[in-house]
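Below is one structure; the comments refer to it alone.
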Amino acid sequence: MNDFIQHILNGLSLGSIYALIALGYTMVYGILQLINFAHSDVYMMGAFGSYYVAMYLGIDRQPGLSTLAILLGSAMLVCALIGLTIERLAYRPLRNAPKLNILITAIGVSLFLQYFAQAVFGADPKVFPQVLHNETLFNIAAVEVKTLDVAVFAVTIITMVVLNFVIYRTKMGQAMRAVAQNMRVAALMGVNPNRVISITFMVGSALAGVGSVLVGMKYPKIDPLMGTMIGLKAFVAAVLGGIGNLPGAVLGGLLMGFSEEMVVAYWSSTYRDALAFGILIVILIFKPAGLMGRSTTEKV
Amino acid sequence: MPTESIWRRPLVVFLFLLVLGFVTDFALDSFIQFTMIVIMINMILGMSLNLVNGFTGQFSLGHAGFMAVGAYTSAYLAEQWFTHVGPITGAMQLVMFPLFGVCAGLMAALAGLLVGLPSLRLRGDYLAIVTLGFAEIIRVTLLNTEAVGAARGFYDVKGPDNWMLGPIEVSRFLTSYGLALFWVLVTFYVIWRVVRSGHGRAFLSVRDDEIAAEAMGINTVRAKVQAFAISSFFAGIAGSIFAHYMNYLNPQTFVFTKSVDAVIIVVLGGMGSLSGSLFAAAIVTVIPELLRPLQEIIGIDLRMLIYALLLILMMILRPRGLFGSQELSEILRKYVRKST
C-alpha cells in the first residue's frame with residue numbers, strides 16, 4: 001500500500017512534467033497545425049542554458065528557492081529566445097508550404113540543435129546543479145513526501161494557472177485563440193498573425209524550459225540527446241489528450257506519467273517506452289481524435 | 001529508338017550494373033564498397049516509403065520498424081538454417097539469401113498490414129504518430145526477445161562469403177552487391193508497374209483527394225492497406241540485405257532517426273518520384289561521409305550539423321524536392337524537346 005502511494009506520487013510529478021512539455025506541443029499545433037519536432041531539443045537547450053547560468057553565477061552548490069527561481073527564469077528565457085529564432089528562420093519562410101515540408105524542416109531543426117549541442121557542449125552527460133535540498137516535508141501513511149516532488153508539482157500548477165490566465169484573460173491570449181481558429185479572418189480583424197505565432201512559440205518554448213529545470217531537478221543528468229525520448233512521450237501525451245487542446249495535454253501528460261510509473265513498478269522497466277505508444281494506439285483506434293479532441297468531418 | 005529502349009530492360013540494366021560491381025570489387029577499397037551497399041539499401045527503403053508517403057499520400061514515420069522486422073526475420077532464418085540444415089556455400093547463396101529476403105519481406109508485410117489497419121480511421125499527423133509508435137513497439141519487443149539476442153544485439157548473422165565460380169573467386173562483396181542490386185531493380189520495377197496499374201491509380205487518387213476518390217467508388221481503405229503492405233514488404237527486404245551484409249543487428253539501429261532518414265530520402269528526391277528516391281538515397285548516404293574529413297580538420301563533429309542545415313535550406317529553397325513528382329525520364333524528355 002505504501003509503495004502504491006509512493007508510485008502515485010512519482011507518477012504525479014513525472015506526469016506533470018510531461019504535461020508541461022505537451023502543452024508546448026499542443027499550443028504550436030493548435031495554432032499552426034505543425035508537429036514541432038524541435039520542441040524536445042528546445043527543452044534540452046533549456047537544461048543546458050540553466051546549467052551554464054548556474055555555473056556562471058556559482059550557485060550550482062547552493063540549493064534553495066532563489067536558485068530555483070533563477071534557474072527557471074534563465075531556462076525560460078533561453079528557450080523562449082530559441083523558440084523565437086526557430087520560428088523566424090525556419091518556419092516562417094514555409095508558412096504556406098505543404099505540411100510535410102514543414103515537418104521535415106522541424107526534423108531538420110531538431111537534428112541541428114542536437115548536433116549543435118554536441119559540438120558546443122560535448123557529447124558526455126553533465127550533472128545538473130542541485131536546485132533544492134531534498135528533505136522530507138511530511139508523511140502520508142508512512143510515505144515520505146519529499147521537497148522535490150512538492151516543488152515539481154507546485155511549479156507545474158503555478159505555470160498552468162499563469163498559462164490559463166494568459167490564454168483566457170488577456171488580449172494576447174484572445175488573439176492566439178483567434179489565430180488558431182482562423183488565421184485569415186483573425187488578420188482581417190486587425191490581429192497580426194506573425195506576431196501572435198511568434199509569441200505562441202515563445203510561450204510554448206518557455207514551458208519546455210520550465211520542464212527542463214524540473215527534470216534536471218529530479219534526474220540530474222543532462223546530455224544533448226536527452227530531449228528525444230521525453231519529447232516523443234510528451235508529444236504522445238498531447239495526441240492522447242487531443243492535440244490542440246490544452247486541458248487534453250495536461251490529462252494526457254498525467255496519464256502517461258501514471259501508466260509509466262505503474263509499468264516500471266509492477267511489470268518491467270524495459271517496456272516503459274513501448275507502453276506509451278501502446279496506450280496511444282489503443283486510444284486512437286477507439287477515439288481517433290484523442291480523449292478530449294473533437295473529431296471534425298472533412299468537407300468535400 | 002532502339003538505343004533508348006535497351007535501357008528499359010531490367011536484365012540489361014542488371015547485367016550492366018553487375019559488371020560495374022565486378023570492376024568495383026577489384027578497383028575500390030572496402031569502405032567504398034560498403035558505402036555502395038548502404039546506398040542500395042537506402043534506395044530500396046526510399047522507394048518503398050515513397051509508395052506510401054509519395055504516391056498514396058499517407059504519412060508514415062515508422063519505416064525503421066518494418067526494416068527491423070525484415071532484418072531480424074532474415075537473420076533468424078539464416079541462423080536456423082545453419083544450425084539445422086548446414087552451411088550455405090557457393091552458388092547456393094544466390095538462392096538462399098533471396099529466399100530469406102522474401103520471407104523477411106512477407107513478415108514485414110504482415111506487420112505492415114497490422115499498421116495499415118488503424119489507418120482505416122486515422123489520417124495525417126495521427127497516422128504518422130501511430131506508425132512511429134508501432135516502430136517503437138517493434139523495437140522494444142526485439143529489445144526484450146532473448147531468441148534474437150535482446151539488448152546485446154544479434155551477433156554473427158550469417159552472410160554471404162567468398163566462393164569459387166570455376167577459376168574466378170566471387171567475393172563476399174560481389175554476392176551482396178548482386179543481391180542488393182537485384183532487389184533494387186525488383187523494387188523499382190514493381191513499384192513502377194504498380195503505380196501505373198489500376199490499383200496504383202487508386203493510390204494516386206487517395207493522395208490527391210481521399211473523399212472524392214471514395215465518392216468515385218474507390219475502396220480507399222483497401223488502397224491504403226495495400227500500399228502499406230507492399231511498402232513494408234520492400235522495407236523488410238532492405239532489412240534482410242542489411243542484416244546479411246553487416247553481420248550484426250542491434251535494436252538501437254532501428255530507432256526513430258532511421259525512419260527519419262527514409263523520410264528525408266523521399267522528400268529530398270521528390271514525393272512521387274522513384275528516380276528522385278534513387279538519387280536522394282545516394283546523396284543522403286554520401287554527404288555525411290564526404291563531410292567526414294572536415295571533422296578531422298576542425299576536430300568537432302560538424303557533419304550532421306551541416307547535413308541538418310542543408311535539410312532546412314533545401315526545404316525553404318526547393319520545397320518540392322529535387323525532381324518534384326516527375327521521373328528523371330520525363331524531365332530529360334522535356335529538356336530535349338525544349339532544346340530542339
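Each chain in the C-alpha cells gets a letter, A, B and so on, in the order shown; residues start at 1 in every chain, and ligands are counted from 1 in the order they appear.
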Legend entry - Residues near Ser60 in chain B, cut-off 7 Å, only C-alpha atoms, skip fewer than 4 positions along chain, as a PyMOL selection string: chain B and resi 53+127-128+131
Do you have, as a tab-separated table, the list of residues of chain A lying at most 6 Å from chain B, each with its nearest atom pair and that distance in Å to one decimal, counting only C-alpha atoms and ordered by chain then number?
residue	atom	partner	partner_atom	distance
A:Thr105	CA	B:Ile312	CA	5.1
A:Gly108	CA	B:Ala308	CA	4.9
A:Leu111	CA	B:Ala308	CA	5.8
A:Phe112	CA	B:Ala308	CA	5.1
A:Tyr115	CA	B:Leu305	CA	5.6
A:Ala119	CA	B:Ile300	CA	5.9
A:Ala274	CA	B:Ile137	CA	4.8
A:Phe277	CA	B:Gly133	CA	4.8
Next, dump the selected residues to file, keeping only N, CA and C atoms, as a PDB file, in the first residue's frame.
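Generated output (again-v7.pdb):
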ATOM      1  N   THR A 105      11.310  20.161 -42.088  1.00  0.00           N
ATOM      2  CA  THR A 105      12.097  21.267 -41.544  1.00  0.00           C
ATOM      3  C   THR A 105      12.216  21.130 -40.037  1.00  0.00           C
ATOM      4  N   GLY A 108      14.682  18.666 -39.326  1.00  0.00           N
ATOM      5  CA  GLY A 108      15.994  19.245 -39.589  1.00  0.00           C
ATOM      6  C   GLY A 108      16.462  20.133 -38.451  1.00  0.00           C
ATOM      7  N   LEU A 111      17.510  17.963 -35.542  1.00  0.00           N
ATOM      8  CA  LEU A 111      18.854  17.402 -35.740  1.00  0.00           C
ATOM      9  C   LEU A 111      19.911  18.473 -35.524  1.00  0.00           C
ATOM     10  N   PHE A 112      19.637  19.663 -36.078  1.00  0.00           N
ATOM     11  CA  PHE A 112      20.600  20.755 -35.971  1.00  0.00           C
ATOM     12  C   PHE A 112      20.892  21.074 -34.508  1.00  0.00           C
ATOM     13  N   TYR A 115      22.966  18.274 -32.763  1.00  0.00           N
ATOM     14  CA  TYR A 115      24.384  18.175 -33.084  1.00  0.00           C
ATOM     15  C   TYR A 115      25.127  19.465 -32.759  1.00  0.00           C
ATOM     16  N   ALA A 119      28.357  19.536 -30.464  1.00  0.00           N
ATOM     17  CA  ALA A 119      29.596  20.195 -30.860  1.00  0.00           C
ATOM     18  C   ALA A 119      30.033  21.226 -29.815  1.00  0.00           C
ATOM     19  N   ALA A 274       7.686   1.353 -24.781  1.00  0.00           N
ATOM     20  CA  ALA A 274       6.686   0.798 -25.688  1.00  0.00           C
ATOM     21  C   ALA A 274       5.283   1.098 -25.189  1.00  0.00           C
ATOM     22  N   PHE A 277       3.366   4.177 -26.433  1.00  0.00           N
ATOM     23  CA  PHE A 277       2.799   4.075 -27.774  1.00  0.00           C
ATOM     24  C   PHE A 277       1.661   3.068 -27.819  1.00  0.00           C
TER      25      PHE A 277
END
Inset, instruction - Could you please determine the separation between CA of Ile243 in chain A and CA of Leu49 in chain B in Å, to one decimal place? - result: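 Separation between CA of Ile243 in chain A and CA of Leu49 in chain B: 25.8 Å.
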Legend entry - Test item: residues at most 9 Å from range 272-286 of chain B, only C-alpha atoms, excluding those fewer than 5 positions along its chain, as an NGL selection string: :B and (35-36 or 38-47 or 50-51 or 53-56 or 188 or 191-192 or 261-262 or 264-267 or 291 or 307 or 321-329)
Inset, instruction - Measuring atom to atom with only C-alpha atoms, identify which of B:Pro251, B:Ser231, B:Gly101, B:Arg152 is nearest to Phe182 in chain B. - result: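 Going through B:Pro251, B:Ser231, B:Gly101, B:Arg152 one by one, the smallest distance to Phe182 in chain B is for B:Gly101.
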Inset, instruction - Figure out the distance between CA of Ile241 in chain B and CA of Gly105 in chain B, please, to one decimal in Å. - result: 10.8 Å
Legend entry - Contacts of Val150 in chain A at 12 Å (only C-alpha atoms; same-chain gap of 2+ positions) as a list in words: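 Returned residues: Leu9, Asn10, Leu12, Ser13, Leu14, Ser16, Leu132, His133, Asn134, Glu135, Thr136, Leu137, Phe138, Glu144, Val145, Lys146, Thr147, Leu148, Val152, Phe153, Ala154, Val155, Thr156, Ile157, Leu214, Met217 and Lys218 of chain A.
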